[in-house]
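The data block below is my_file_27.txt; it holds compact mmCIF, C-alpha atoms and all ligand atoms.
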# COMPACT_ATOMS: atom_id res chain seq x y z
CA MET A 1 0.00 0.00 0.00
CA PHE A 2 1.06 3.58 -0.79
CA GLU A 3 4.43 2.57 -2.19
CA ILE A 4 6.40 5.21 -4.04
CA ASP A 5 9.50 4.61 -6.17
CA ASP A 6 12.37 7.01 -6.89
CA GLU A 7 10.91 8.08 -10.23
CA GLN A 8 7.54 8.92 -8.64
CA LEU A 9 9.29 10.82 -5.86
CA ALA A 10 11.22 12.78 -8.49
CA SER A 11 7.91 13.67 -10.24
CA TYR A 12 6.49 14.83 -6.92
CA ARG A 13 9.46 17.15 -6.43
CA ARG A 14 9.43 18.40 -10.05
CA ASP A 15 5.67 18.80 -10.59
CA GLY A 16 4.47 19.26 -7.00
CA TYR A 17 2.25 16.18 -7.12
CA VAL A 18 2.20 12.53 -8.08
CA VAL A 19 -0.70 10.15 -8.65
CA LEU A 20 -0.38 6.64 -7.23
CA ARG A 21 -2.80 4.27 -8.96
CA ALA A 22 -4.45 1.53 -6.85
CA ALA A 23 -2.59 2.80 -3.78
CA ILE A 24 -4.98 1.04 -1.40
CA PRO A 25 -7.42 -1.82 -2.02
CA VAL A 26 -10.97 -0.52 -2.48
CA GLU A 27 -12.32 -2.96 0.12
CA VAL A 28 -9.94 -1.45 2.73
CA VAL A 29 -10.86 2.18 2.11
CA ALA A 30 -14.55 1.87 1.08
CA PRO A 31 -15.82 1.59 4.70
CA VAL A 32 -14.72 5.22 5.21
CA LEU A 33 -17.73 6.21 3.07
CA ASP A 34 -19.82 5.54 6.18
CA ALA A 35 -18.24 8.65 7.77
CA VAL A 36 -19.24 10.92 4.88
CA GLY A 37 -21.93 13.29 6.14
CA ARG A 38 -21.07 12.80 9.85
CA GLY A 39 -19.98 15.84 11.88
CA ALA A 40 -20.41 17.88 8.77
CA LEU A 41 -19.06 21.38 8.30
CA VAL A 42 -19.70 23.71 5.42
CA VAL A 43 -17.11 26.02 3.87
CA ILE A 44 -18.59 28.90 1.90
CA ASP A 45 -16.82 29.33 -1.44
CA ALA A 46 -16.24 32.61 -3.32
CA ALA A 47 -19.56 32.31 -5.12
CA GLY A 48 -21.40 31.75 -1.81
CA ASN A 49 -21.98 28.04 -2.45
CA ARG A 50 -21.62 25.37 0.23
CA GLN A 51 -18.79 22.83 0.15
CA GLN A 52 -19.11 20.03 2.70
CA LEU A 53 -16.41 18.39 4.79
CA ASN A 54 -15.51 17.04 8.18
CA SER A 55 -12.05 17.16 9.72
CA TRP A 56 -10.04 15.80 12.65
CA THR A 57 -6.60 16.26 14.15
CA TRP A 58 -6.48 13.84 17.11
CA CYS A 59 -6.71 10.27 15.90
CA GLY A 60 -8.69 7.68 17.81
CA ASP A 61 -8.77 3.91 17.45
CA ASP A 62 -11.55 3.78 14.85
CA LEU A 63 -10.79 3.49 11.13
CA LEU A 64 -10.79 7.29 10.70
CA GLY A 65 -8.16 7.56 13.42
CA ARG A 66 -6.09 4.60 12.29
CA LEU A 67 -5.81 5.53 8.62
CA PRO A 68 -3.68 8.69 9.04
CA ARG A 69 -1.50 6.74 11.51
CA CYS A 70 -1.01 3.63 9.42
CA GLU A 71 2.60 2.91 8.56
CA PRO A 72 2.34 2.88 4.74
CA LEU A 73 0.67 6.31 4.72
CA VAL A 74 3.04 7.80 7.29
CA ASN A 75 6.06 6.41 5.41
CA LEU A 76 4.79 7.95 2.19
CA ALA A 77 4.34 11.36 3.87
CA ALA A 78 7.84 11.10 5.38
CA ALA A 79 9.31 10.25 1.96
CA ALA A 80 7.54 13.24 0.37
CA ILE A 81 8.62 15.65 3.12
CA GLY A 82 12.08 14.11 3.55
CA GLY A 83 12.00 13.37 7.29
CA PRO A 84 9.81 12.36 10.23
CA VAL A 85 6.28 13.78 10.28
CA HIS A 86 3.37 14.42 12.58
CA HIS A 87 -0.30 14.36 11.65
CA TRP A 88 -1.55 17.89 10.88
CA HIS A 89 -5.15 17.01 10.14
CA SER A 90 -7.29 14.81 7.99
CA LYS A 91 -10.57 15.57 6.34
CA LEU A 92 -13.32 14.10 4.26
CA SER A 93 -14.43 16.40 1.49
CA TRP A 94 -17.48 15.32 -0.43
CA LYS A 95 -19.67 16.63 -3.20
CA SER A 96 -23.22 15.33 -3.39
CA PRO A 97 -24.72 14.73 -6.84
CA GLY A 98 -25.63 18.06 -8.43
CA SER A 99 -24.03 20.15 -5.64
CA ALA A 100 -22.65 23.58 -6.52
CA GLY A 101 -19.95 23.88 -3.84
CA THR A 102 -16.36 24.28 -4.99
CA TRP A 103 -12.89 24.62 -3.51
CA ASP A 104 -11.55 27.88 -4.89
CA TRP A 105 -7.96 27.96 -6.11
CA HIS A 106 -5.68 27.97 -3.08
CA GLN A 107 -2.43 26.76 -1.56
CA ASP A 108 -2.87 24.95 1.74
CA PHE A 109 0.36 26.43 3.06
CA ALA A 110 -0.94 29.98 2.56
CA PHE A 111 -3.36 29.21 5.43
CA TRP A 112 -1.06 26.99 7.48
CA VAL A 113 1.73 29.61 7.52
CA GLU A 114 -0.69 31.84 9.46
CA GLU A 115 -0.27 29.40 12.36
CA GLY A 116 3.44 30.24 12.55
CA VAL A 117 4.79 27.29 10.55
CA ALA A 118 8.19 28.30 9.17
CA ARG A 119 8.58 26.07 6.11
CA PRO A 120 6.23 24.39 3.63
CA ALA A 121 7.61 21.02 4.74
CA MET A 122 4.03 19.76 4.68
CA THR A 123 2.16 17.48 2.34
CA THR A 124 -1.27 16.01 1.69
CA ILE A 125 -2.20 12.55 0.53
CA GLY A 126 -5.64 12.55 -1.10
CA ILE A 127 -7.34 9.16 -1.39
CA ALA A 128 -10.34 8.69 -3.70
CA LEU A 129 -13.21 6.81 -2.03
CA ASP A 130 -15.17 6.71 -5.27
CA ASP A 131 -14.44 7.62 -8.89
CA HIS A 132 -13.49 11.26 -9.51
CA ASP A 133 -13.69 12.97 -12.89
CA ARG A 134 -14.32 16.40 -14.36
CA ASP A 135 -18.10 15.95 -14.20
CA ASN A 136 -18.26 15.24 -10.47
CA GLY A 137 -15.69 17.86 -9.43
CA CYS A 138 -12.33 16.13 -9.33
CA LEU A 139 -9.30 17.87 -7.84
CA ARG A 140 -7.65 20.35 -10.21
CA LEU A 141 -4.14 21.62 -9.82
CA ILE A 142 -1.61 23.73 -11.66
CA GLU A 143 1.43 21.60 -12.32
CA GLY A 144 4.66 23.19 -11.09
CA SER A 145 2.85 25.98 -9.21
CA HIS A 146 4.38 24.75 -5.94
CA ARG A 147 7.62 26.43 -7.04
CA HIS A 148 6.03 29.88 -7.14
CA GLY A 149 6.29 30.46 -3.38
CA VAL A 150 3.47 31.58 -1.13
CA ILE A 151 0.77 33.50 -2.98
CA ASP A 152 -1.48 36.13 -1.34
CA HIS A 153 -4.93 34.82 -0.45
CA PRO A 154 -7.24 37.83 -0.15
CA ALA A 155 -10.99 37.73 0.40
CA VAL A 156 -12.55 36.74 -2.91
CA GLY A 157 -16.33 37.01 -3.03
CA ALA A 158 -17.75 35.19 0.00
CA GLY A 159 -14.54 33.19 0.54
CA ARG A 160 -10.76 33.47 0.51
CA ALA A 161 -8.67 32.31 -2.41
CA ALA A 162 -5.33 32.69 -4.14
CA ASP A 163 -4.85 36.07 -5.84
CA PRO A 164 -6.86 35.60 -9.07
CA ASP A 165 -4.26 37.48 -11.17
CA VAL A 166 -1.50 35.11 -10.04
CA VAL A 167 -3.74 32.10 -10.69
CA GLU A 168 -4.48 33.38 -14.19
CA ALA A 169 -0.79 33.96 -14.90
CA LEU A 170 0.18 30.49 -13.68
CA ALA A 171 -2.74 28.83 -15.46
CA SER A 172 -1.87 30.54 -18.75
CA ASP A 173 1.07 28.13 -19.06
CA GLY A 174 -1.57 25.49 -19.82
CA LYS A 175 -0.63 23.27 -16.91
CA ILE A 176 -4.08 22.85 -15.29
CA ILE A 177 -4.43 19.15 -14.52
CA ASP A 178 -7.76 17.45 -13.81
CA VAL A 179 -6.77 14.77 -11.33
CA GLU A 180 -9.15 12.01 -12.41
CA LEU A 181 -8.96 9.14 -9.93
CA ASN A 182 -10.56 5.76 -9.45
CA ALA A 183 -11.58 4.58 -5.99
CA GLY A 184 -8.39 3.52 -4.20
CA ASP A 185 -6.08 5.83 -6.20
CA ALA A 186 -4.14 8.47 -4.30
CA VAL A 187 -2.58 11.82 -5.16
CA VAL A 188 0.24 13.27 -3.08
CA PHE A 189 0.56 17.04 -3.41
CA SER A 190 2.80 19.71 -1.99
CA SER A 191 1.43 22.23 0.50
CA THR A 192 2.34 25.05 -1.92
CA MET A 193 0.53 23.41 -4.85
CA LEU A 194 -2.24 25.63 -6.27
CA HIS A 195 -5.34 23.48 -6.30
CA GLY A 196 -9.12 23.54 -6.12
CA SER A 197 -12.12 21.65 -7.46
CA GLY A 198 -15.35 22.46 -9.25
CA ALA A 199 -19.02 21.70 -8.73
CA ASN A 200 -20.48 18.23 -9.04
CA ALA A 201 -22.56 18.38 -12.21
CA SER A 202 -23.11 14.63 -12.24
CA ASP A 203 -25.57 12.27 -10.57
CA ARG A 204 -22.68 10.58 -8.71
CA GLN A 205 -21.20 11.37 -5.29
CA ARG A 206 -17.53 12.43 -5.09
CA SER A 207 -15.83 11.57 -1.79
CA PHE A 208 -12.20 12.33 -0.97
CA LEU A 209 -10.11 11.57 2.13
CA HIS A 210 -7.21 13.99 2.69
CA CYS A 211 -4.46 13.21 5.20
CA SER A 212 -2.06 16.11 5.80
CA TYR A 213 1.30 15.96 7.57
CA ASN A 214 3.96 18.38 8.80
CA ALA A 215 7.67 17.82 9.40
CA MET A 216 8.42 17.17 13.09
CA ASP A 217 11.04 19.96 13.05
CA ASN A 218 8.60 22.53 11.65
CA PRO A 219 6.37 23.48 14.60
CA ALA A 220 3.39 25.82 14.40
CA SER A 221 4.21 28.61 16.88
CA ASP A 222 0.59 29.88 16.99
CA PRO A 223 -1.66 26.92 16.14
CA PHE A 224 -5.37 27.55 15.51
CA ILE A 225 -6.20 24.20 17.10
CA ASP A 226 -4.19 22.20 19.62
CA GLY A 227 -3.94 19.17 17.32
CA HIS A 228 -1.68 21.24 15.05
CA GLN A 229 1.07 21.21 17.68
CA VAL A 230 3.97 18.87 17.01
CA HIS A 231 3.09 15.57 18.65
CA ASP A 232 4.28 12.00 18.35
CA LEU A 233 2.41 10.00 15.79
CA VAL A 234 1.58 6.61 17.23
CA THR A 235 1.64 4.47 14.11
CA VAL A 236 -0.30 1.28 13.47
CA PRO A 237 0.63 -1.46 10.98
CA ALA A 238 -1.18 -1.78 7.66
CA ALA A 239 -3.05 -4.82 9.03
CA ALA A 240 -4.84 -2.52 11.53
CA ILE A 241 -6.92 -0.92 8.76
CA GLU A 242 -8.04 -4.18 7.16
CA PRO A 243 -11.79 -4.91 7.48
CA GLY A 244 -12.32 -6.92 10.66
CA ALA A 245 -9.28 -5.40 12.41
CA TYR A 246 -11.18 -2.45 13.97
CA ASP A 247 -14.46 -2.12 15.84
CA ARG A 248 -15.81 1.09 14.36
CA VAL A 249 -15.34 3.16 11.22
CA TRP A 250 -15.95 6.42 13.09
CA GLY A 251 -16.89 7.34 16.66
CA ASP A 252 -13.68 7.53 18.74
CA THR A 253 -12.14 10.24 16.59
CA ALA A 254 -13.64 13.65 17.36
CA PHE A 255 -14.49 15.89 14.45
CA ILE A 256 -13.40 19.53 14.60
CA GLN A 257 -16.33 21.77 15.52
CA PRO A 258 -16.89 25.05 13.68
CA GLU A 259 -16.55 27.02 16.91
CA ALA A 260 -13.09 25.49 17.63
CA THR A 261 -10.63 28.26 18.36
CA GLY A 262 -9.79 30.06 15.18
CA TYR A 263 -10.81 27.31 12.82
CA GLY A 264 -12.70 29.18 10.19
CA GLY A 265 -12.76 32.42 12.17
CA ARG A 266 -9.07 33.24 12.10
CA SER A 267 -8.47 31.64 8.73
CA GLY A 268 -11.00 34.02 7.21
CA TYR A 269 -13.03 31.17 5.80
CA GLN A 270 -16.69 30.99 6.71
CA VAL A 271 -16.99 27.55 8.27
CA ILE A 272 -20.39 26.66 9.67
CA ALA A 273 -22.11 23.53 10.90
CA ALA A 274 -24.17 21.75 8.28
CA GLU A 275 -27.90 21.71 9.01
O1 LIG B 1 -11.68 17.94 -1.94
C1 LIG B 1 -11.28 18.73 -2.77
O2 LIG B 1 -11.70 18.77 -3.92
C2 LIG B 1 -10.20 19.72 -2.42
C3 LIG B 1 -10.11 19.99 -0.96
C4 LIG B 1 -9.10 21.03 -0.66
O3 LIG B 1 -8.54 21.64 -1.52
C5 LIG B 1 -8.74 21.32 0.71
O4 LIG B 1 -9.33 20.75 1.63
O5 LIG B 1 -7.84 22.14 0.92

Would you kindly transcribe this structure into structure tokens?
Ligand SMILES: O=C(O)CCC(=O)C(=O)O
Amino acid sequence: MFEIDDEQLASYRRDGYVVLRAAIPVEVVAPVLDAVGRGALVVIDAAGNRQQLNSWTWCGDDLLGRLPRCEPLVNLAAAAIGGPVHHWHSKLSWKSPGSAGTWDWHQDFAFWVEEGVARPAMTTIGIALDDHDRDNGCLRLIEGSHRHGVIDHPAVGAGRAADPDVVEALASDGKIIDVELNAGDAVVFSSTMLHGSGANASDRQRSFLHCSYNAMDNPASDPFIDGHQVHDLVTVPAAAIEPGAYDRVWGDTAFIQPEATGYGGRSGYQVIAAE
């Protein structure tokens, strides 16, 4: 699971992302779909539409808590970052059939740096829980944009997004990639990668698990939430996420609440509880 070879690692460094096909067996990751819609938050995008997610930092003993701690995933994050890592946060980001919500163009690090993190020694592993394509709002990214450095993220419409002029300039190189994935595929992308995703114009759900990590020697001096502090990651072996190895898919791992200190508020995003 989640193996990466030298060539793939070189693509990650050059392009800012790499896709790993069939990174995890579908039967291992499919049970996570049961946590879609639980503890739901809504992020308001620039156009005022609602994008749904849930997120957690502290990992319990259920499947949601074991996945970000499982050795193959942690080893992959450490290879991408180039040293030991701690769990920053994970999230489920889903788009119901016909939903208008989008993720506006952004760099994750542009938000994370506001918590006093010195270096973009951070990465995200996105795992498709179902099939993602242009019609149902797959991840889009601008290849090579991770080399641009940190871009301003002003208020844009009802949300906050990367400076539209910079996005346009970077996109004009023709390097916008639609990251079409099958269930069980993964994409690893740099924290300075410009990315986003569109609406779901299809009659199919799109569900994405993101696990984000930070280098152990890159502490947040002013974390928005206590789970963003450097802490030891208690890993579990790959066998711990196999069906039958855990009692619950979700339940022990607490979802971040919209009123959690600074989450949403300080980041400038409007994050509200789903009705
Ligand atoms: O799920 C997606 O399409 C993208 C999510 C995203 O960009 C984020 O959570 O920062």

Exercise. Residues at most 6 Å from ligand LIG 1 (chain B), using all atoms listed in the file? Could they come as a PyMOL selection string?
Worked result: chain A and resi 93+103+108+139+196-197+208

Written file, previous selection with C-alpha atoms, as a JSON list (two decimals), in the coordinates of the input:
[["chain", "number", "residue", "atom", "x", "y", "z"],
["A", 93, "SER", "CA", -14.43, 16.40, 1.49],
["A", 103, "TRP", "CA", -12.89, 24.62, -3.51],
["A", 108, "ASP", "CA", -2.87, 24.95, 1.74],
["A", 139, "LEU", "CA", -9.30, 17.87, -7.84],
["A", 196, "GLY", "CA", -9.12, 23.54, -6.12],
["A", 197, "SER", "CA", -12.12, 21.65, -7.46],
["A", 208, "PHE", "CA", -12.20, 12.33, -0.97]]

For this session: May I ask which of the residues A:Ile151, A:Leu67, A:Ala183, A:Ala199 is the closest one to A:Leu129, counting all atoms listed in the file?
Result: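 Closest residue, counting all atoms listed in the file: A:Ala183.
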
For this session: Please determine the residues with any atom at most 9 Å from (1.8, 1.7, -0.8) (coordinates as given in the file, with all atoms listed in the file counting) and report them as a list in words.
Result: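 Checking each residue against the 9 Å limit leaves Met1, Phe2, Glu3, Ile4, Leu20, Ala22, Ala23, Ile24, Pro72, Leu73, Asn75 and Leu76 of chain A.
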
Problem set entry | Distance criterion (only C-alpha atoms): nearest to A:Gly82 out of A:Asp222, A:Thr123, A:Val230, A:Gly39 |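 Between A:Asp222, A:Thr123, A:Val230, A:Gly39, the residue approaching A:Gly82 most closely is A:Thr123.
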
Exercise. Contacts of A:Gln205 at 6 Å or less, counting only C-alpha atoms, minus same-chain residues fewer than 3 places along, as a list in words?
Worked result: Lys95, Ser96 and Pro97 of chain A

Exercise. Near A:Ser191, within 12 Å and counting only C-alpha atoms, which residues show up once chain neighbours fewer than 4 positions away are dropped, as a PyMOL selection string?
Worked result: chain A and resi 12-13+16-17+77+80-81+88+106-113+117+119-125+141+145-151+195+211-215

Exercise. Suppose you want the space between atom CA of A:Asp62 and atom CA of A:Phe189; what is it in Å?
Worked result: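 One can read the atom CA of A:Asp62 to atom CA of A:Phe189 distance as 25.6 Å.
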
For this session: Measure the distance from atom CA of A:Asp135 to atom CA of A:Ser207 in Å and round it to one decimal.
Result: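 Answer for the atom CA of A:Asp135 to atom CA of A:Ser207 separation: 13.4 Å.
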
Sorted by chain and rising residue number, which residues of stretch 34-125 of chain A lie within 12 Å of stretch 240-248 of chain A, and what are their closest atom pairs and distances in Å to one decimal, counting only C-alpha atoms, as a Markdown table?
| residue | atom | partner | partner_atom | distance |
| --- | --- | --- | --- | --- |
| A:Asp34 | CA | A:Arg248 | CA | 10.1 |
| A:Ala35 | CA | A:Arg248 | CA | 10.3 |
| A:Gly60 | CA | A:Arg248 | CA | 10.3 |
| A:Asp61 | CA | A:Tyr246 | CA | 7.6 |
| A:Asp62 | CA | A:Arg248 | CA | 5.1 |
| A:Leu63 | CA | A:Ile241 | CA | 6.3 |
| A:Leu64 | CA | A:Arg248 | CA | 8.8 |
| A:Gly65 | CA | A:Ile241 | CA | 9.8 |
| A:Arg66 | CA | A:Ile241 | CA | 6.6 |
| A:Leu67 | CA | A:Ile241 | CA | 6.5 |
| A:Pro68 | CA | A:Ile241 | CA | 10.1 |
| A:Arg69 | CA | A:Ile241 | CA | 9.8 |
| A:Cys70 | CA | A:Ile241 | CA | 7.5 |
| A:Glu71 | CA | A:Ala240 | CA | 9.7 |
| A:Pro72 | CA | A:Ile241 | CA | 10.8 |
| A:Leu73 | CA | A:Ile241 | CA | 11.2 |

Problem set entry | Counting only C-alpha atoms, the option among A:Asp252, A:Asp45, A:Asp217, A:Glu180 closest to A:Val19 |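 So, comparing all the options, the nearest one is A:Glu180.
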
For this session: Could you please determine the separation between atom CA of A:Ala79 and atom CA of A:Thr192 in Å, to one decimal place?
Result: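 The value is 16.8 Å.
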
Exercise. What would the list of residues within 12 Å of (-20.7, 17.5, 4.4) (file frame) look like as a ChimeraX atom specification, if all atoms listed in the file are what count?
Worked result: /A:33,35-44,50-55,91-96,99,101,205-208,255,271-275

Atoms to include: C-alpha atoms. Write the selected residues as a compact mmCIF listing (two decimals), in the coordinates of the input.
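Output file part.txt follows:
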# COMPACT_ATOMS: atom_id res chain seq x y z
CA LEU A 33 -17.73 6.21 3.07
CA ALA A 35 -18.24 8.65 7.77
CA VAL A 36 -19.24 10.92 4.88
CA GLY A 37 -21.93 13.29 6.14
CA ARG A 38 -21.07 12.80 9.85
CA GLY A 39 -19.98 15.84 11.88
CA ALA A 40 -20.41 17.88 8.77
CA LEU A 41 -19.06 21.38 8.30
CA VAL A 42 -19.70 23.71 5.42
CA VAL A 43 -17.11 26.02 3.87
CA ILE A 44 -18.59 28.90 1.90
CA ARG A 50 -21.62 25.37 0.23
CA GLN A 51 -18.79 22.83 0.15
CA GLN A 52 -19.11 20.03 2.70
CA LEU A 53 -16.41 18.39 4.79
CA ASN A 54 -15.51 17.04 8.18
CA SER A 55 -12.05 17.16 9.72
CA LYS A 91 -10.57 15.57 6.34
CA LEU A 92 -13.32 14.10 4.26
CA SER A 93 -14.43 16.40 1.49
CA TRP A 94 -17.48 15.32 -0.43
CA LYS A 95 -19.67 16.63 -3.20
CA SER A 96 -23.22 15.33 -3.39
CA SER A 99 -24.03 20.15 -5.64
CA GLY A 101 -19.95 23.88 -3.84
CA GLN A 205 -21.20 11.37 -5.29
CA ARG A 206 -17.53 12.43 -5.09
CA SER A 207 -15.83 11.57 -1.79
CA PHE A 208 -12.20 12.33 -0.97
CA PHE A 255 -14.49 15.89 14.45
CA VAL A 271 -16.99 27.55 8.27
CA ILE A 272 -20.39 26.66 9.67
CA ALA A 273 -22.11 23.53 10.90
CA ALA A 274 -24.17 21.75 8.28
CA GLU A 275 -27.90 21.71 9.01

Exercise. With distances taken over only C-alpha atoms, which of A:Gly251, A:Gly126, A:Pro84, A:Gly48 is nearest to A:Val179?
Worked result: A:Gly126

For this session: Find the residue from A:Pro237, A:Ile142, A:Glu114, A:Val188 that sits nearest to A:Ala169; use only C-alpha atoms when measuring.
Result: A:Ile142

Determine the axis-aligned bounding box of all atoms of stretch 103-119 of chain A present in the file, pad each side by 8 Å, and express its centre and edge lengths in Å to one decimal place as JSON.
{"center_x": -2.2, "center_y": 28.2, "center_z": 3.2, "size_x": 37.5, "size_y": 23.2, "size_z": 34.7}

Exercise. If we count all atoms listed in the file, what is near A:Glu143 at a cut-off of 8 Å, once residues fewer than 5 positions away on the same chain are taken out, given as a ChimeraX atom specification?
Worked result: /A:15-17,175-177,193

Mind writing the picked residues with C-alpha atoms as a compact mmCIF listing (two decimals), in the frame of the given file?
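Output contents, as saved in again.txt:
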# COMPACT_ATOMS: atom_id res chain seq x y z
CA ASP A 15 5.67 18.80 -10.59
CA GLY A 16 4.47 19.26 -7.00
CA TYR A 17 2.25 16.18 -7.12
CA LYS A 175 -0.63 23.27 -16.91
CA ILE A 176 -4.08 22.85 -15.29
CA ILE A 177 -4.43 19.15 -14.52
CA MET A 193 0.53 23.41 -4.85

Exercise. A:Gly144, A:Gly159, A:Pro25, A:Gly174: which is nearest A:Ser190, counting all atoms listed in the file?
Worked result: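 Among A:Gly144, A:Gly159, A:Pro25, A:Gly174, it is A:Gly144 that comes nearest to A:Ser190.
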
Can you patch up stretch 111-129 of chain A, filling it in to N, CA, C and O atoms, and show the result as a PDB file, in the coordinates of the input?
ATOM      1  N   PHE A 111      -2.564  29.151   4.196  1.00  0.00           N
ATOM      2  CA  PHE A 111      -3.360  29.210   5.430  1.00  0.00           C
ATOM      3  C   PHE A 111      -2.527  28.694   6.608  1.00  0.00           C
ATOM      4  O   PHE A 111      -2.538  29.269   7.685  1.00  0.00           O
ATOM      5  N   TRP A 112      -1.791  27.618   6.382  1.00  0.00           N
ATOM      6  CA  TRP A 112      -1.060  26.990   7.480  1.00  0.00           C
ATOM      7  C   TRP A 112       0.060  27.894   7.988  1.00  0.00           C
ATOM      8  O   TRP A 112       0.384  27.878   9.173  1.00  0.00           O
ATOM      9  N   VAL A 113       0.647  28.716   7.095  1.00  0.00           N
ATOM     10  CA  VAL A 113       1.730  29.610   7.520  1.00  0.00           C
ATOM     11  C   VAL A 113       1.211  30.627   8.539  1.00  0.00           C
ATOM     12  O   VAL A 113       1.966  31.145   9.364  1.00  0.00           O
ATOM     13  N   GLU A 114      -0.104  30.888   8.518  1.00  0.00           N
ATOM     14  CA  GLU A 114      -0.690  31.840   9.460  1.00  0.00           C
ATOM     15  C   GLU A 114      -0.707  31.287  10.886  1.00  0.00           C
ATOM     16  O   GLU A 114      -1.021  31.990  11.830  1.00  0.00           O
ATOM     17  N   GLU A 115      -0.366  30.011  11.025  1.00  0.00           N
ATOM     18  CA  GLU A 115      -0.270  29.400  12.360  1.00  0.00           C
ATOM     19  C   GLU A 115       1.191  29.384  12.826  1.00  0.00           C
ATOM     20  O   GLU A 115       1.528  28.725  13.804  1.00  0.00           O
ATOM     21  N   GLY A 116       2.051  30.117  12.118  1.00  0.00           N
ATOM     22  CA  GLY A 116       3.440  30.240  12.550  1.00  0.00           C
ATOM     23  C   GLY A 116       4.327  29.081  12.135  1.00  0.00           C
ATOM     24  O   GLY A 116       5.355  28.822  12.764  1.00  0.00           O
ATOM     25  N   VAL A 117       3.944  28.389  11.068  1.00  0.00           N
ATOM     26  CA  VAL A 117       4.790  27.290  10.550  1.00  0.00           C
ATOM     27  C   VAL A 117       5.840  27.930   9.644  1.00  0.00           C
ATOM     28  O   VAL A 117       5.508  28.713   8.759  1.00  0.00           O
ATOM     29  N   ALA A 118       7.118  27.595   9.876  1.00  0.00           N
ATOM     30  CA  ALA A 118       8.190  28.300   9.170  1.00  0.00           C
ATOM     31  C   ALA A 118       8.336  27.873   7.707  1.00  0.00           C
ATOM     32  O   ALA A 118       8.571  28.704   6.831  1.00  0.00           O
ATOM     33  N   ARG A 119       8.236  26.587   7.441  1.00  0.00           N
ATOM     34  CA  ARG A 119       8.580  26.070   6.110  1.00  0.00           C
ATOM     35  C   ARG A 119       7.432  25.246   5.546  1.00  0.00           C
ATOM     36  O   ARG A 119       6.711  24.594   6.319  1.00  0.00           O
ATOM     37  N   PRO A 120       7.304  25.226   4.214  1.00  0.00           N
ATOM     38  CA  PRO A 120       6.230  24.390   3.630  1.00  0.00           C
ATOM     39  C   PRO A 120       6.615  22.913   3.578  1.00  0.00           C
ATOM     40  O   PRO A 120       6.371  22.232   2.571  1.00  0.00           O
ATOM     41  N   ALA A 121       7.215  22.442   4.667  1.00  0.00           N
ATOM     42  CA  ALA A 121       7.610  21.020   4.740  1.00  0.00           C
ATOM     43  C   ALA A 121       6.381  20.228   5.170  1.00  0.00           C
ATOM     44  O   ALA A 121       6.348  19.569   6.222  1.00  0.00           O
ATOM     45  N   MET A 122       5.340  20.316   4.360  1.00  0.00           N
ATOM     46  CA  MET A 122       4.030  19.760   4.680  1.00  0.00           C
ATOM     47  C   MET A 122       3.474  19.150   3.394  1.00  0.00           C
ATOM     48  O   MET A 122       3.785  19.621   2.293  1.00  0.00           O
ATOM     49  N   THR A 123       2.686  18.127   3.544  1.00  0.00           N
ATOM     50  CA  THR A 123       2.160  17.480   2.340  1.00  0.00           C
ATOM     51  C   THR A 123       0.785  16.894   2.629  1.00  0.00           C
ATOM     52  O   THR A 123       0.421  16.698   3.798  1.00  0.00           O
ATOM     53  N   THR A 124       0.055  16.640   1.565  1.00  0.00           N
ATOM     54  CA  THR A 124      -1.270  16.010   1.690  1.00  0.00           C
ATOM     55  C   THR A 124      -1.349  14.801   0.775  1.00  0.00           C
ATOM     56  O   THR A 124      -0.890  14.851  -0.362  1.00  0.00           O
ATOM     57  N   ILE A 125      -1.923  13.746   1.321  1.00  0.00           N
ATOM     58  CA  ILE A 125      -2.200  12.550   0.530  1.00  0.00           C
ATOM     59  C   ILE A 125      -3.724  12.481   0.387  1.00  0.00           C
ATOM     60  O   ILE A 125      -4.438  12.392   1.392  1.00  0.00           O
ATOM     61  N   GLY A 126      -4.198  12.611  -0.834  1.00  0.00           N
ATOM     62  CA  GLY A 126      -5.640  12.550  -1.100  1.00  0.00           C
ATOM     63  C   GLY A 126      -5.981  11.152  -1.616  1.00  0.00           C
ATOM     64  O   GLY A 126      -5.334  10.658  -2.546  1.00  0.00           O
ATOM     65  N   ILE A 127      -6.979  10.533  -1.011  1.00  0.00           N
ATOM     66  CA  ILE A 127      -7.340   9.160  -1.390  1.00  0.00           C
ATOM     67  C   ILE A 127      -8.792   9.167  -1.892  1.00  0.00           C
ATOM     68  O   ILE A 127      -9.708   9.605  -1.168  1.00  0.00           O
ATOM     69  N   ALA A 128      -8.989   8.709  -3.115  1.00  0.00           N
ATOM     70  CA  ALA A 128     -10.340   8.690  -3.700  1.00  0.00           C
ATOM     71  C   ALA A 128     -11.138   7.531  -3.098  1.00  0.00           C
ATOM     72  O   ALA A 128     -10.678   6.388  -3.102  1.00  0.00           O
ATOM     73  N   LEU A 129     -12.330   7.851  -2.587  1.00  0.00           N
ATOM     74  CA  LEU A 129     -13.210   6.810  -2.030  1.00  0.00           C
ATOM     75  C   LEU A 129     -14.208   6.319  -3.080  1.00  0.00           C
ATOM     76  O   LEU A 129     -14.871   5.308  -2.882  1.00  0.00           O
TER      77      LEU A 129
END
